[in-house]
Amino acid sequence: MKKYICMAAVLGCTMAHAQQAPESNIEEVAIQGRKKIKQERAEFKRHAQSVETLSEEELNRNNPAAIDQTLSTMPGVQVDKRTNFGGQRLVVRGYGNDQKFNNWGVKAYWNNMPLTNAEGITILDDVDFAYVNNVEVIKGPAATMYGGGVGGVVRFYTRPDFTKGVSVSENVLAGAFKTFQSRTQLNVADENYSVNVAYGHLETDGYRPNGSGLKNFFNVNGTVKLGENDQLSFFGSQAYSYEHISGQISYDDYDAGIDNGNAAYIRKNAGNKIKSTRVGLSNSVNILPNLRNYTTLFYYNGNTESVSAGAFGITSSPNVGLRSTFTLKNEFKDFENRFDFGTEIQNSMSTTSSYRFTGSVTNPLETTGISGASYFKYNNNQSTYFAIDYLTYKPWGVTFLAGISANKTNYDRKDLYALPGLVSGKKDLSFGKQYETAYTPHFALQKEWKHQIFNLSYSEGYNAPTATSSFINVINIANDDLKPERAKMLDFSVHGLLLDTKLDYQVSAFNINYTNKLTQLFGNNNTYSYWANTGNQRNTGLEVSVGYQYKNDNSFVNRIVPFVNMSYYDAKYKDFTNNLTGGNSVYNAVNNGKNYNHQTVVGVPRNKYAIGLDLYTEPGFYLVNTYNYLGNVYTDFANTNLVKGFGLLNSKLGYKKSFGRFDLDAYVMGNNLTSQINYTFLFLGNSINDSDTGSGYPKGVATDLNPGPSKAYFFYGLNLKYRF
């Protein structure tokens with residue numbers, strides 16, 4: 001695969017240079033294609049690797065709160081979820097889906113503030129996706145600019161609206177599963193400032209037993225221009241999220257379209273309750289005419305109560321830090337140089353407690369007592385220092401990028417139940433862990449020709465183990481043999497415009513090698529679990545996205561926007577085994593000793609694609625159609641358990657028009673119109689064969705799937721906006 005990527009890159013750049021005019025460069029042009037393209041091309045050039053974006057128009061293809069449906073239309077991106085609007089798991093280029101809960105290895109940001117905490121964990125339940133109006137996905141290792149994370153980076157934005165004046169809006173949606181959603185918004189703006197205040201509410205009974213959810217959000221977002229080159233931005237949110245959990249069902253029930261939920265979860269009224277506060281303050285200023293700084297200070301605190309099939313947990317997780325980037329630009333003769341350097345620093349001082357359930361059916365919330373409980377205080381630190389240089393030879397339109405980052409992670413945990421005499425016979429589970437500084441380079445060669453951008457890049461990433469995985473409970477030892485995952489990616493991508501800029505396309509061929517793959521294993525007849533480096537993984541693939549926009553203001557159908565996004569993957573294990581008999585005695589004879597070389601990586605389909613066709617008319621009627629297909633996947637390392645793929649057809653029919661000072665958007669939205677059996681979350685790898693005590697299933701029957709709605713369902717919406 002590497003050979004073909006290199007050959008294609010050299011051939012593409014050679015052809016482009018041969019046809020390049022002597023002093024030509026890409027000019028600022030009025031792009032007649034899709035609304036997202038201008039930003040997407042700018043980010044593609046800046047990151048020098050495959051990047052795709054979603055504008056507000058793409059985000060409104062469906063309910064914006066259902067970010068899983070919207071993001072999954074992108075090639076190379078998949079979003080799983082455990083509940084109606086929560087428990088999201090981000091998967092980029094086949095990486096990120098082997099974690100049982102939450103996100104690990106794919107970083108997320110909101111308005112330059114990390115959603116990923118200092119431990120490397122990302123929880124998205126308390127993010128108001130309906131308030132997001134722009135998304136950017138950097139596919140593959142991007143640690144040089146963003147620190148830890150071997151899978152990629154997903155950035156969510158709420159961009160300011162500088163439309164002069166005062167406006168108020170009310171968005172309401174209701175429909176299937178007794179869902180009701182509203183957002184009340186006020187926007188005040190002038191040439192030099194924009195302030196937006198919004199309150200969002202979302203409630204649903206859900207499509208599964210014990211599947212109800214409730215979310216409330218209060219958001220403030222603003223930007224003030226302090227001078228011609230000085231801008232201050234602020235963001236604040238207060239969120240409440242309570243998502244009930246129905247639990248996993250068996251494969252037989254899933255195939256038959258039966259969903260009675262999992263009694264081990266339902267009996268306990270399982271769910272995740274989060275109350276959180278997020279604050280960010282950013283300043284963008286020209287220190288010198290050619291030196292600019294963009295600094296964000298951020299704070300987050302989430303208070304979580306979670307009830308699962310096996311335990312009750314309480315967590316308070318304050319996270320504070322800063323991200324600062326300096327940009328130095330210089331021009332000399334035919335050359336242009338841009339030098340970005342900066343840092344991202346985070347610290348979290350979380351407190352977490354967990355109380356195990358006995359599994360009693362008559363008293364489902366009965367615990368094993370304080371001797372089986374845990375109460376920890378964590379001090380986690382993560383820091384990244386990066387420098388990236390872009391050197392452009394303008395006559396040829398060629399840019400060479402070279403960058404490197406230094407990444408440090410350390411944990412310190414104190415066992416608050418280990419005080420002498422507090423709990424009889426209690427082992428002290430306190431520990432400290434510091435991982436060696438990891439250096440991640442990024443090199444790229446970029447060529448612009450007319451409206452085409454050719455990019456060949458090599459980038460590395462790393463993913464440090466979490467504080468939890470760095471310690472082995474029950475046997476009470478630090479997991480000293482554990483190493484961070486590393487990734488090396490070779491990527492050749494082309495982003496271009498054709499047919500008078502009406503047609504846009506992006507083609508990416510990539511090869512990613514992951515080493516020291518982190519996997520959860522089980523020891524001593526499954527009496528405890530631990531994490532280990534089980535080997536390597538290689539993901540290769542081809543991604544293609546093509547979109548077109550037809551416009552004719554004099555026609556009844558004045559805009560037609562079709563698109564096709566396709567992904568083809570070949571993801572295989574390499575030197576991958578769970579028979580670990582190394583120097584640490586904990587690894588000896590605790591697993592079944594199988595080697596999974598050349599087996600397909602769990603949860604990664606061979607193919608995935610999305611097709612869309614949107615029609616807009618002069619009177620204001622519109623029809624948006626999306627078909628999203630996910631191919632077959634294996635859930636186990638040995639590739640014996642195949643879960644069939646599925647395709648979901650969604651449509652949105654609406655009427656959008658302005659009447660004087662009023663803007664109106666009324667619509668009806670139908671999802672899964674062909675009533676396909678589908679899933680939203682799978683347990684994979686060593687997490688499979690899950691069987692909770694009191695699940696209602698016979699002993700030995702695995703419950704590994706969270707199904708989605710298997711019948712067509714509909715929502716009805718009305719958006720009103722008044723401009724004073």
# chains A, B, ... in the order shown; residues from 1 in each chain; ligands from 1

call {"tool": "closest_atom_pairs", "arguments": {"of": "stretch 322-380 of chain A", "to": "stretch 260-273 of chain A", "cutoff": "12 Å", "atoms": "only C-alpha atoms", "output": "CSV"}}
result
residue,atom,partner,partner_atom,distance
A:Phe357,CA,A:Lys268,CA,9.9
A:Thr358,CA,A:Ala264,CA,11.4
A:Gly359,CA,A:Ala264,CA,8.1
A:Ser360,CA,A:Ala264,CA,9.7
A:Val361,CA,A:Arg267,CA,7.9
A:Thr362,CA,A:Arg267,CA,9.5
A:Asn363,CA,A:Lys268,CA,9.1
A:Pro364,CA,A:Lys268,CA,5.8
A:Leu365,CA,A:Lys268,CA,6.4
A:Glu366,CA,A:Lys268,CA,9.9
A:Thr367,CA,A:Lys268,CA,11.9

call {"tool": "select_by_dssp", "arguments": {"residues": "stretch 257-396 of chain A", "states": "strand (DSSP E)", "output": "MDAnalysis selection string"}}
result
chainID A and resid 271:288 291:307 311:332 335:348 351:356 374:393

call {"tool": "atom_distance", "arguments": {"atom1": "atom CA of A:Phe454", "atom2": "atom CA of A:Glu331"}}
result
22.7 Å

call {"tool": "closest_residue", "arguments": {"among": "A:Phe101, A:Tyr528, A:Phe85, A:Phe659", "to": "A:Ala66", "atoms": "only C-alpha atoms"}}
result
A:Phe85

call {"tool": "residues_around", "arguments": {"residues": "A:Ala142", "least_positions_apart": "5", "cutoff": "7 Å", "atoms": "only C-alpha atoms", "output": "PyMOL selection string"}}
result
chain A and resi 152-153+459+461

call {"tool": "write_last_selection", "arguments": {"atoms": "C-alpha atoms", "output": "CSV table (one decimal), in the first residue's frame"}}
result
chain,number,residue,atom,x,y,z
A,152,GLY,CA,-7.6,11.7,14.8
A,153,VAL,CA,-9.2,14.9,16.0
A,459,SER,CA,2.5,11.8,10.6
A,461,GLY,CA,0.6,9.9,17.0

call {"tool": "closest_atom_pairs", "arguments": {"of": "stretch 17-127 of chain A", "to": "stretch 604-623 of chain A", "cutoff": "8 Å", "atoms": "only C-alpha atoms", "output": "JSON lines"}}
result
{"residue": "A:Thr73", "atom": "CA", "partner": "A:Ala610", "partner_atom": "CA", "distance": 5.4}
{"residue": "A:Met74", "atom": "CA", "partner": "A:Ala610", "partner_atom": "CA", "distance": 7.5}
{"residue": "A:Pro75", "atom": "CA", "partner": "A:Tyr609", "partner_atom": "CA", "distance": 6.9}
{"residue": "A:Gly94", "atom": "CA", "partner": "A:Val604", "partner_atom": "CA", "distance": 5.4}

call {"tool": "select_by_dssp", "arguments": {"residues": "stretch 17-167 of chain A", "states": "alpha helix (DSSP H)", "output": "number ranges by chain"}}
result
A: 17-18, 37-47, 56-59, 67-71, 143-146

call {"tool": "residues_around", "arguments": {"residues": "A:Ser383", "least_positions_apart": "5", "cutoff": "10 Å", "atoms": "only C-alpha atoms", "output": "PyMOL selection string"}}
result
chain A and resi 118+147-148+321-323+343-347+406-410+437

call {"tool": "residues_around", "arguments": {"residues": "A:Asp125", "least_positions_apart": "6", "cutoff": "12 Å", "atoms": "only C-alpha atoms", "output": "PyMOL selection string"}}
result
chain A and resi 65-67+81-89+102-103+115+213-217+239-244+271-276+302+304

call {"tool": "write_last_selection", "arguments": {"atoms": "C-alpha atoms", "output": "CSV table (one decimal), in the first residue's frame"}}
result
chain,number,residue,atom,x,y,z
A,65,ALA,CA,-28.5,16.7,18.5
A,66,ALA,CA,-28.2,13.2,16.8
A,67,ILE,CA,-24.5,13.9,15.9
A,81,LYS,CA,-23.8,5.5,20.9
A,82,ARG,CA,-25.2,3.6,23.9
A,83,THR,CA,-28.3,5.7,24.6
A,84,ASN,CA,-30.6,8.0,22.6
A,85,PHE,CA,-28.4,11.1,22.6
A,86,GLY,CA,-25.4,9.9,24.7
A,87,GLY,CA,-22.6,7.4,25.3
A,88,GLN,CA,-21.0,8.4,21.9
A,89,ARG,CA,-17.9,6.6,20.7
A,102,ASN,CA,-16.4,6.5,26.3
A,103,ASN,CA,-13.7,7.7,23.9
A,115,LEU,CA,-13.4,18.1,25.4
A,213,GLY,CA,-33.5,10.9,28.4
A,214,LEU,CA,-33.5,14.5,29.6
A,215,LYS,CA,-31.1,17.3,28.7
A,216,ASN,CA,-31.0,21.0,29.5
A,217,PHE,CA,-28.4,23.4,28.3
A,239,ALA,CA,-25.5,21.4,31.2
A,240,TYR,CA,-27.6,18.8,32.7
A,241,SER,CA,-27.9,15.4,31.1
A,242,TYR,CA,-29.7,12.2,32.3
A,243,GLU,CA,-29.6,9.3,29.9
A,244,HIS,CA,-31.1,6.0,31.0
A,271,GLY,CA,-28.4,5.6,33.7
A,272,ASN,CA,-25.8,8.4,33.6
A,273,LYS,CA,-26.5,11.7,35.2
A,274,ILE,CA,-24.1,14.6,34.5
A,275,LYS,CA,-24.2,18.2,35.8
A,276,SER,CA,-21.4,20.2,34.2
A,302,GLY,CA,-18.5,17.5,35.5
A,304,THR,CA,-21.5,12.4,37.3

call {"tool": "closest_residue", "arguments": {"among": "A:Pro420, A:Gly151, A:Pro160, A:Gly631", "to": "A:Ser233", "atoms": "only C-alpha atoms"}}
result
A:Pro160

call {"tool": "atom_distance", "arguments": {"atom1": "atom CA of A:Arg538", "atom2": "atom CA of A:Ser508"}}
result
16.4 Å
